[in-house]
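*Asks:* Sharing query-v6.pdb (PDB, C-alpha atoms) below.
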```
ATOM      1  CA  GLU A   1      90.716 124.587  55.150  1.00  0.00           C
ATOM      2  CA  ASP A   2      91.658 123.222  51.720  1.00  0.00           C
ATOM      3  CA  GLY A   3      94.887 125.254  51.791  1.00  0.00           C
ATOM      4  CA  ILE A   4      95.916 123.722  55.104  1.00  0.00           C
ATOM      5  CA  ARG A   5      94.916 120.262  53.894  1.00  0.00           C
ATOM      6  CA  ASP A   6      97.155 120.757  50.835  1.00  0.00           C
ATOM      7  CA  LEU A   7      99.935 122.015  53.084  1.00  0.00           C
ATOM      8  CA  VAL A   8      99.604 118.949  55.300  1.00  0.00           C
ATOM      9  CA  ARG A   9      99.608 116.555  52.335  1.00  0.00           C
ATOM     10  CA  SER A  10     102.514 118.155  50.530  1.00  0.00           C
ATOM     11  CA  ARG A  11     104.813 118.546  53.520  1.00  0.00           C
ATOM     12  CA  GLY A  12     103.772 115.720  55.815  1.00  0.00           C
ATOM     13  CA  LEU A  13     104.123 117.888  58.917  1.00  0.00           C
ATOM     14  CA  GLY A  14     106.337 115.407  60.715  1.00  0.00           C
ATOM     15  CA  ASP A  15     107.651 115.856  64.247  1.00  0.00           C
ATOM     16  CA  VAL A  16     110.984 117.172  62.935  1.00  0.00           C
ATOM     17  CA  TYR A  17     109.354 120.321  61.605  1.00  0.00           C
ATOM     18  CA  LYS A  18     107.223 121.228  64.589  1.00  0.00           C
ATOM     19  CA  ARG A  19     109.827 123.690  65.808  1.00  0.00           C
ATOM     20  CA  GLN A  20     109.893 125.600  62.548  1.00  0.00           C
ATOM     21  CA  MET A  21     106.791 127.780  62.507  1.00  0.00           C
ATOM     22  CA  HIS A  22     107.496 129.202  59.059  1.00  0.00           C
ATOM     23  CA  TYR A  23     107.276 125.643  57.746  1.00  0.00           C
ATOM     24  CA  TYR A  24     103.572 125.517  58.530  1.00  0.00           C
ATOM     25  CA  GLY A  25     102.786 128.813  56.910  1.00  0.00           C
ATOM     26  CA  ILE A  26     100.805 129.976  59.945  1.00  0.00           C
ATOM     27  CA  ASP A  27     101.272 133.637  60.748  1.00  0.00           C
ATOM     28  CA  GLU A  28     100.857 134.151  64.497  1.00  0.00           C
ATOM     29  CA  THR A  29     100.729 137.953  64.343  1.00  0.00           C
ATOM     30  CA  GLY A  30      96.937 137.715  64.320  1.00  0.00           C
ATOM     31  CA  PRO A  31      96.210 135.414  67.290  1.00  0.00           C
ATOM     32  CA  LEU A  32      92.575 134.715  66.391  1.00  0.00           C
ATOM     33  CA  SER A  33      93.306 133.721  62.799  1.00  0.00           C
ATOM     34  CA  ALA A  34      96.271 131.623  63.929  1.00  0.00           C
ATOM     35  CA  SER A  35      94.050 129.981  66.534  1.00  0.00           C
ATOM     36  CA  GLU A  36      91.548 129.063  63.843  1.00  0.00           C
ATOM     37  CA  SER A  37      94.340 127.672  61.642  1.00  0.00           C
ATOM     38  CA  TYR A  38      95.564 125.471  64.490  1.00  0.00           C
ATOM     39  CA  ARG A  39      91.995 124.354  65.184  1.00  0.00           C
ATOM     40  CA  ILE A  40      91.651 123.260  61.544  1.00  0.00           C
ATOM     41  CA  LEU A  41      95.000 121.474  61.700  1.00  0.00           C
ATOM     42  CA  LYS A  42      93.939 119.722  64.905  1.00  0.00           C
ATOM     43  CA  ARG A  43      90.734 118.439  63.281  1.00  0.00           C
ATOM     44  CA  TYR A  44      92.663 117.276  60.223  1.00  0.00           C
ATOM     45  CA  PHE A  45      95.216 115.424  62.342  1.00  0.00           C
ATOM     46  CA  ILE A  46      92.507 113.731  64.420  1.00  0.00           C
ATOM     47  CA  GLU A  47      90.664 112.636  61.266  1.00  0.00           C
ATOM     48  CA  HIS A  48      93.852 111.011  60.020  1.00  0.00           C
ATOM     49  CA  GLY A  49      94.869 109.372  63.308  1.00  0.00           C
ATOM     50  CA  ARG A  50      97.882 111.619  63.909  1.00  0.00           C
ATOM     51  CA  TYR A  51      97.198 112.188  67.588  1.00  0.00           C
ATOM     52  CA  ASP A  52     100.615 113.521  68.583  1.00  0.00           C
ATOM     53  CA  ASP A  53     100.333 116.151  65.870  1.00  0.00           C
ATOM     54  CA  ALA A  54      96.762 116.898  66.971  1.00  0.00           C
ATOM     55  CA  SER A  55      98.007 117.362  70.536  1.00  0.00           C
ATOM     56  CA  TRP A  56     100.649 119.791  69.306  1.00  0.00           C
ATOM     57  CA  ALA A  57      98.080 121.742  67.241  1.00  0.00           C
ATOM     58  CA  SER A  58      95.705 121.864  70.218  1.00  0.00           C
ATOM     59  CA  PHE A  59      98.482 123.244  72.421  1.00  0.00           C
ATOM     60  CA  LYS A  60      99.390 125.890  69.826  1.00  0.00           C
ATOM     61  CA  GLU A  61      95.698 126.811  69.425  1.00  0.00           C
ATOM     62  CA  ARG A  62      95.420 127.500  73.142  1.00  0.00           C
ATOM     63  CA  GLN A  63      98.701 129.434  73.203  1.00  0.00           C
ATOM     64  CA  THR A  64      97.467 131.764  70.472  1.00  0.00           C
ATOM     65  CA  GLU A  65      94.186 132.253  72.354  1.00  0.00           C
ATOM     66  CA  LYS A  66      96.222 133.166  75.450  1.00  0.00           C
ATOM     67  CA  ALA A  67      98.191 135.673  73.358  1.00  0.00           C
ATOM     68  CA  HIS A  68      94.897 137.186  72.186  1.00  0.00           C
ATOM     69  CA  PHE A  69      93.690 137.540  75.781  1.00  0.00           C
ATOM     70  CA  LEU A  70      96.891 139.349  76.718  1.00  0.00           C
ATOM     71  CA  LYS A  71      96.814 141.569  73.634  1.00  0.00           C
ATOM     72  CA  SER A  72      93.199 142.555  74.284  1.00  0.00           C
ATOM     73  CA  LYS A  73      93.915 143.055  78.034  1.00  0.00           C
ATOM     74  CA  ASN A  74      91.304 140.433  78.926  1.00  0.00           C
ATOM     75  CA  PHE A  75      93.004 139.415  82.164  1.00  0.00           C
ATOM     76  CA  ILE A  76      89.956 137.523  83.465  1.00  0.00           C
ATOM     77  CA  ASN A  77      90.572 134.920  80.742  1.00  0.00           C
ATOM     78  CA  TYR A  78      94.336 135.405  80.460  1.00  0.00           C
ATOM     79  CA  ILE A  79      95.238 134.469  84.056  1.00  0.00           C
ATOM     80  CA  PRO A  80      93.479 131.040  84.033  1.00  0.00           C
ATOM     81  CA  SER A  81      94.897 130.357  80.582  1.00  0.00           C
ATOM     82  CA  LEU A  82      98.401 131.200  81.797  1.00  0.00           C
ATOM     83  CA  ILE A  83      97.999 128.971  84.847  1.00  0.00           C
ATOM     84  CA  MET A  84      96.758 126.026  82.762  1.00  0.00           C
ATOM     85  CA  SER A  85      99.599 126.564  80.311  1.00  0.00           C
ATOM     86  CA  LEU A  86     102.188 126.451  83.073  1.00  0.00           C
ATOM     87  CA  LEU A  87     100.668 123.600  85.092  1.00  0.00           C
ATOM     88  CA  CYS A  88      99.736 121.120  82.377  1.00  0.00           C
ATOM     89  CA  GLY A  89     100.166 122.599  78.907  1.00  0.00           C
ATOM     90  CA  TYR A  90      96.378 122.797  78.487  1.00  0.00           C
ATOM     91  CA  GLY A  91      96.030 119.086  79.187  1.00  0.00           C
ATOM     92  CA  GLU A  92      98.552 118.133  76.505  1.00  0.00           C
ATOM     93  CA  LYS A  93     101.767 117.921  78.542  1.00  0.00           C
ATOM     94  CA  PRO A  94     101.672 115.494  81.518  1.00  0.00           C
ATOM     95  CA  ASN A  95     105.332 116.154  82.309  1.00  0.00           C
ATOM     96  CA  ARG A  96     104.450 119.733  83.223  1.00  0.00           C
ATOM     97  CA  VAL A  97     102.119 118.457  85.941  1.00  0.00           C
ATOM     98  CA  ILE A  98     104.960 116.406  87.418  1.00  0.00           C
ATOM     99  CA  LEU A  99     107.368 119.356  87.303  1.00  0.00           C
ATOM    100  CA  SER A 100     104.746 121.726  88.726  1.00  0.00           C
ATOM    101  CA  SER A 101     104.041 119.293  91.559  1.00  0.00           C
ATOM    102  CA  ALA A 102     107.746 118.979  92.352  1.00  0.00           C
ATOM    103  CA  ALA A 103     108.045 122.772  92.397  1.00  0.00           C
ATOM    104  CA  ILE A 104     105.063 123.104  94.749  1.00  0.00           C
ATOM    105  CA  ILE A 105     106.540 120.474  97.091  1.00  0.00           C
ATOM    106  CA  ALA A 106     109.904 122.267  97.081  1.00  0.00           C
ATOM    107  CA  VAL A 107     108.372 125.704  97.754  1.00  0.00           C
ATOM    108  CA  TYR A 108     106.317 124.371 100.666  1.00  0.00           C
ATOM    109  CA  ALA A 109     109.336 122.490 102.063  1.00  0.00           C
ATOM    110  CA  VAL A 110     111.331 125.716 102.116  1.00  0.00           C
ATOM    111  CA  LEU A 111     108.420 127.570 103.716  1.00  0.00           C
ATOM    112  CA  TYR A 112     108.077 124.893 106.389  1.00  0.00           C
ATOM    113  CA  LEU A 113     111.777 125.109 107.167  1.00  0.00           C
ATOM    114  CA  ARG A 114     112.028 128.924 107.165  1.00  0.00           C
ATOM    115  CA  LEU A 115     108.850 129.474 109.186  1.00  0.00           C
ATOM    116  CA  ASP A 116     109.626 126.602 111.583  1.00  0.00           C
ATOM    117  CA  VAL A 117     106.229 125.014 110.952  1.00  0.00           C
ATOM    118  CA  ILE A 118     107.089 121.413 111.764  1.00  0.00           C
ATOM    119  CA  ASN A 119     106.369 119.911 115.165  1.00  0.00           C
ATOM    120  CA  MET A 120     108.841 117.049 115.596  1.00  0.00           C
ATOM    121  CA  PRO A 121     107.917 114.047 117.773  1.00  0.00           C
ATOM    122  CA  GLU A 122     108.999 114.221 121.422  1.00  0.00           C
ATOM    123  CA  SER A 123     111.354 111.268 120.914  1.00  0.00           C
ATOM    124  CA  VAL A 124     113.402 113.329 118.450  1.00  0.00           C
ATOM    125  CA  LEU A 125     115.617 115.788 120.274  1.00  0.00           C
ATOM    126  CA  ARG A 126     116.415 118.101 117.383  1.00  0.00           C
ATOM    127  CA  LYS A 127     114.786 120.746 115.231  1.00  0.00           C
ATOM    128  CA  ALA A 128     113.417 119.867 111.837  1.00  0.00           C
ATOM    129  CA  ASN A 129     115.984 119.986 109.055  1.00  0.00           C
ATOM    130  CA  LEU A 130     115.646 120.253 105.265  1.00  0.00           C
ATOM    131  CA  TRP A 131     114.997 116.539 104.803  1.00  0.00           C
ATOM    132  CA  ASP A 132     112.278 116.592 107.445  1.00  0.00           C
ATOM    133  CA  SER A 133     110.673 119.529 105.634  1.00  0.00           C
ATOM    134  CA  ILE A 134     110.821 117.750 102.277  1.00  0.00           C
ATOM    135  CA  TYR A 135     109.384 114.575 103.817  1.00  0.00           C
ATOM    136  CA  PHE A 136     106.594 116.525 105.526  1.00  0.00           C
ATOM    137  CA  SER A 137     105.861 118.402 102.316  1.00  0.00           C
ATOM    138  CA  ILE A 138     105.589 115.188 100.270  1.00  0.00           C
ATOM    139  CA  VAL A 139     103.389 113.504 102.868  1.00  0.00           C
ATOM    140  CA  THR A 140     101.152 116.587 103.050  1.00  0.00           C
ATOM    141  CA  PHE A 141     101.021 117.067  99.254  1.00  0.00           C
ATOM    142  CA  THR A 142     100.001 113.461  98.692  1.00  0.00           C
ATOM    143  CA  THR A 143      97.488 113.767 101.561  1.00  0.00           C
ATOM    144  CA  VAL A 144      98.925 110.627 103.179  1.00  0.00           C
ATOM    145  CA  GLY A 145      99.432 112.286 106.562  1.00  0.00           C
ATOM    146  CA  PHE A 146     101.258 109.616 108.569  1.00  0.00           C
ATOM    147  CA  GLY A 147     101.081 111.729 111.731  1.00  0.00           C
ATOM    148  CA  ASP A 148     104.693 111.237 112.755  1.00  0.00           C
ATOM    149  CA  ILE A 149     105.450 114.875 111.915  1.00  0.00           C
ATOM    150  CA  THR A 150     102.709 117.483 112.274  1.00  0.00           C
ATOM    151  CA  PRO A 151     102.395 121.239 111.946  1.00  0.00           C
ATOM    152  CA  LYS A 152     102.664 123.275 115.119  1.00  0.00           C
ATOM    153  CA  LEU A 153      99.300 124.179 116.665  1.00  0.00           C
ATOM    154  CA  ILE A 154      99.213 127.653 115.181  1.00  0.00           C
ATOM    155  CA  ARG A 155      96.255 128.368 112.890  1.00  0.00           C
ATOM    156  CA  GLY A 156      98.396 129.988 110.202  1.00  0.00           C
ATOM    157  CA  TYR A 157     100.681 126.957 110.057  1.00  0.00           C
ATOM    158  CA  GLN A 158      97.728 124.605 109.959  1.00  0.00           C
ATOM    159  CA  MET A 159      96.187 126.599 107.100  1.00  0.00           C
ATOM    160  CA  LEU A 160      99.504 126.539 105.246  1.00  0.00           C
ATOM    161  CA  THR A 161      99.663 122.739 105.430  1.00  0.00           C
ATOM    162  CA  ALA A 162      95.983 122.481 104.500  1.00  0.00           C
ATOM    163  CA  SER A 163      96.622 124.621 101.410  1.00  0.00           C
ATOM    164  CA  GLU A 164      99.378 122.241 100.324  1.00  0.00           C
ATOM    165  CA  ALA A 165      97.051 119.277 100.792  1.00  0.00           C
ATOM    166  CA  PHE A 166      94.469 121.067  98.616  1.00  0.00           C
ATOM    167  CA  PHE A 167      97.086 121.744  95.910  1.00  0.00           C
ATOM    168  CA  GLY A 168      98.189 118.124  96.098  1.00  0.00           C
ATOM    169  CA  ALA A 169      94.694 116.757  95.560  1.00  0.00           C
ATOM    170  CA  PHE A 170      94.156 119.241  92.724  1.00  0.00           C
ATOM    171  CA  MET A 171      97.439 118.375  91.026  1.00  0.00           C
ATOM    172  CA  MET A 172      96.801 114.628  91.268  1.00  0.00           C
ATOM    173  CA  GLY A 173      93.427 115.112  89.623  1.00  0.00           C
ATOM    174  CA  LEU A 174      95.013 117.333  86.991  1.00  0.00           C
ATOM    175  CA  PHE A 175      97.650 114.682  86.310  1.00  0.00           C
ATOM    176  CA  ILE A 176      95.009 111.994  85.784  1.00  0.00           C
ATOM    177  CA  PHE A 177      93.025 114.337  83.522  1.00  0.00           C
ATOM    178  CA  THR A 178      96.126 115.170  81.491  1.00  0.00           C
ATOM    179  CA  LEU A 179      97.134 111.522  81.101  1.00  0.00           C
ATOM    180  CA  ALA A 180      93.615 110.560  80.062  1.00  0.00           C
ATOM    181  CA  ARG A 181      93.430 113.418  77.578  1.00  0.00           C
ATOM    182  CA  LYS A 182      96.876 112.701  76.152  1.00  0.00           C
ATOM    183  CA  TYR A 183      96.804 108.926  75.934  1.00  0.00           C
ATOM    184  CA  ALA A 184      93.160 107.860  75.767  1.00  0.00           C
ATOM    185  CA  ALA A 185      91.908 106.434  72.503  1.00  0.00           C
ATOM    186  CA  ARG A 186      90.566 109.308  70.501  1.00  0.00           C
TER     187      ARG A 186
END
```
Would you mind writing the file's structure down as structure tokens?
*Replies:*
Amino acid sequence: EDGIRDLVRSRGLGDVYKRQMHYYGIDETGPLSASESYRILKRYFIEHGRYDDASWASFKERQTEKAHFLKSKNFINYIPSLIMSLLCGYGEKPNRVILSSAAIIAVYAVLYLRLDVINMPESVLRKANLWDSIYFSIVTFTTVGFGDITPKLIRGYQMLTASEAFFGAFMMGLFIFTLARKYAAR
């Protein structure tokens, strides 16, 4: 710990150097030792009020743990770690939640269009198009459900839309968690 403290003091560990791993002197070939080094850095940064740096160290700590899970073929822990990394950067990257949500909405919109899931109102004399699918996907994801466009009365289609509503509620909660974790007073 003293070595890392000296490293932090002597080099300042500013944002400019975050991309240069050799600058930190942390060897990531041993994931567990690297994870411990990042954990120590995170504590140091928190103690000194450098929360952005602490967020970065926390993210790197979790990435090295994920690498250890993969290396040791511990897929029971690796898969959830991978999912959390992709969806929200382990609670450190709120922008990933927004991008993940947009990707989920887009995938469901394409599915709705390709599978012809959408039941258009009787007053509309055309089939659903891409914009209708995107609109329906957003309304379903946000669980607003205006009722103007609905899924066809086929159980598989209803379950598909229900799964998007579940993902939407989950992602909104994840976004709030990530924002609170990232920006709350520490």
*Asks:* List, as a list of chain:residue names, every residue that the PyMOL selection byres ((chain A and resi 147) around 12) selects in the file provided.
*Replies:* A:Ile118, A:Asn119, A:Met120, A:Pro121, A:Tyr135, A:Phe136, A:Val139, A:Thr140, A:Thr143, A:Val144, A:Gly145, A:Phe146, A:Asp148, A:Ile149, A:Thr150, A:Pro151
*Asks:* Can you spit out the residues from that selection as a PDB file, in the coordinates of the input, using C-alpha atoms?
*Replies:*
```pdb
ATOM      1  CA  ILE A 118     107.089 121.413 111.764  1.00  0.00           C
ATOM      2  CA  ASN A 119     106.369 119.911 115.165  1.00  0.00           C
ATOM      3  CA  MET A 120     108.841 117.049 115.596  1.00  0.00           C
ATOM      4  CA  PRO A 121     107.917 114.047 117.773  1.00  0.00           C
ATOM      5  CA  TYR A 135     109.384 114.575 103.817  1.00  0.00           C
ATOM      6  CA  PHE A 136     106.594 116.525 105.526  1.00  0.00           C
ATOM      7  CA  VAL A 139     103.389 113.504 102.868  1.00  0.00           C
ATOM      8  CA  THR A 140     101.152 116.587 103.050  1.00  0.00           C
ATOM      9  CA  THR A 143      97.488 113.767 101.561  1.00  0.00           C
ATOM     10  CA  VAL A 144      98.925 110.627 103.179  1.00  0.00           C
ATOM     11  CA  GLY A 145      99.432 112.286 106.562  1.00  0.00           C
ATOM     12  CA  PHE A 146     101.258 109.616 108.569  1.00  0.00           C
ATOM     13  CA  ASP A 148     104.693 111.237 112.755  1.00  0.00           C
ATOM     14  CA  ILE A 149     105.450 114.875 111.915  1.00  0.00           C
ATOM     15  CA  THR A 150     102.709 117.483 112.274  1.00  0.00           C
ATOM     16  CA  PRO A 151     102.395 121.239 111.946  1.00  0.00           C
TER      17      PRO A 151
END
```
*Asks:* Taking into account all atoms listed in the file, which residue in the set A:Tyr157, A:Trp56, A:Tyr183, A:Phe170 is nearest to Leu111 in chain A?
*Replies:*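 Under the stated criterion, the closest residue is A:Tyr157.
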*Asks:* Going by the chain IDs and residue numbers used in this file, which residues fall under the PyMOL selection byres ((chain A and resi 98) around 12)? Write them as a CSV table (one decimal) with C-alpha atoms, in the frame of the given file.
*Replies:*
```csv
chain,number,residue,atom,x,y,z
A,86,LEU,CA,102.2,126.5,83.1
A,87,LEU,CA,100.7,123.6,85.1
A,88,CYS,CA,99.7,121.1,82.4
A,89,GLY,CA,100.2,122.6,78.9
A,93,LYS,CA,101.8,117.9,78.5
A,94,PRO,CA,101.7,115.5,81.5
A,95,ASN,CA,105.3,116.2,82.3
A,96,ARG,CA,104.4,119.7,83.2
A,97,VAL,CA,102.1,118.5,85.9
A,99,LEU,CA,107.4,119.4,87.3
A,100,SER,CA,104.7,121.7,88.7
A,101,SER,CA,104.0,119.3,91.6
A,102,ALA,CA,107.7,119.0,92.4
A,103,ALA,CA,108.0,122.8,92.4
A,104,ILE,CA,105.1,123.1,94.7
A,105,ILE,CA,106.5,120.5,97.1
A,168,GLY,CA,98.2,118.1,96.1
A,171,MET,CA,97.4,118.4,91.0
A,172,MET,CA,96.8,114.6,91.3
A,173,GLY,CA,93.4,115.1,89.6
A,174,LEU,CA,95.0,117.3,87.0
A,175,PHE,CA,97.6,114.7,86.3
A,176,ILE,CA,95.0,112.0,85.8
A,178,THR,CA,96.1,115.2,81.5
A,179,LEU,CA,97.1,111.5,81.1
```
*Asks:* Tell me which residues the PyMOL selection byres ((chain A and resi 67-74) around 12) grabs here, as JSON, numbers by chain.
*Replies:* {"A": [28, 29, 30, 31, 32, 33, 34, 35, 60, 61, 62, 63, 64, 65, 66, 75, 76, 77, 78, 79, 80, 81, 82, 85]}
*Asks:* Which centre and edge lengths in Å to one decimal define the box along x, y and z that fits every listed atom of range 111-119 of chain A plus 3 Å per side, as JSON?
*Replies:*
```
{"center_x": 109.1, "center_y": 124.7, "center_z": 109.4, "size_x": 11.8, "size_y": 15.6, "size_z": 17.4}
```
*Asks:* When distances are computed from all atoms listed in the file, which of A:Glu92, A:Arg126, A:Leu153, A:Ile134 shows the smallest separation from Ala180 in chain A?
*Replies:*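 Distance minimum relative to Ala180 in chain A lands on A:Glu92.
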*Asks:* May I ask for the distance between CA of Ser163 in chain A and CA of Glu122 in chain A, given in Å to one decimal place?
*Replies:*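 Pair CA of Ser163 in chain A / CA of Glu122 in chain A returns 25.7 Å.
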*Asks:* Rounded to one decimal place, report the CA of Ile83 in chain A-CA of Ser133 in chain A distance in Å.
*Replies:* 26.1 Å
*Asks:* Considering only C-alpha atoms, state which residue in the set A:Arg155, A:Arg39, A:Lys182, A:Lys127 is at the smallest distance from Tyr51 in chain A.
*Replies:*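 Closest to Tyr51 in chain A, using only C-alpha atoms: A:Lys182.
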*Asks:* Please measure the separation of CA of Phe167 in chain A and CA of Ser58 in chain A, giving the value in Å to one decimal.
*Replies:*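 Going from CA of Phe167 in chain A over to CA of Ser58 in chain A, I get 25.7 Å.
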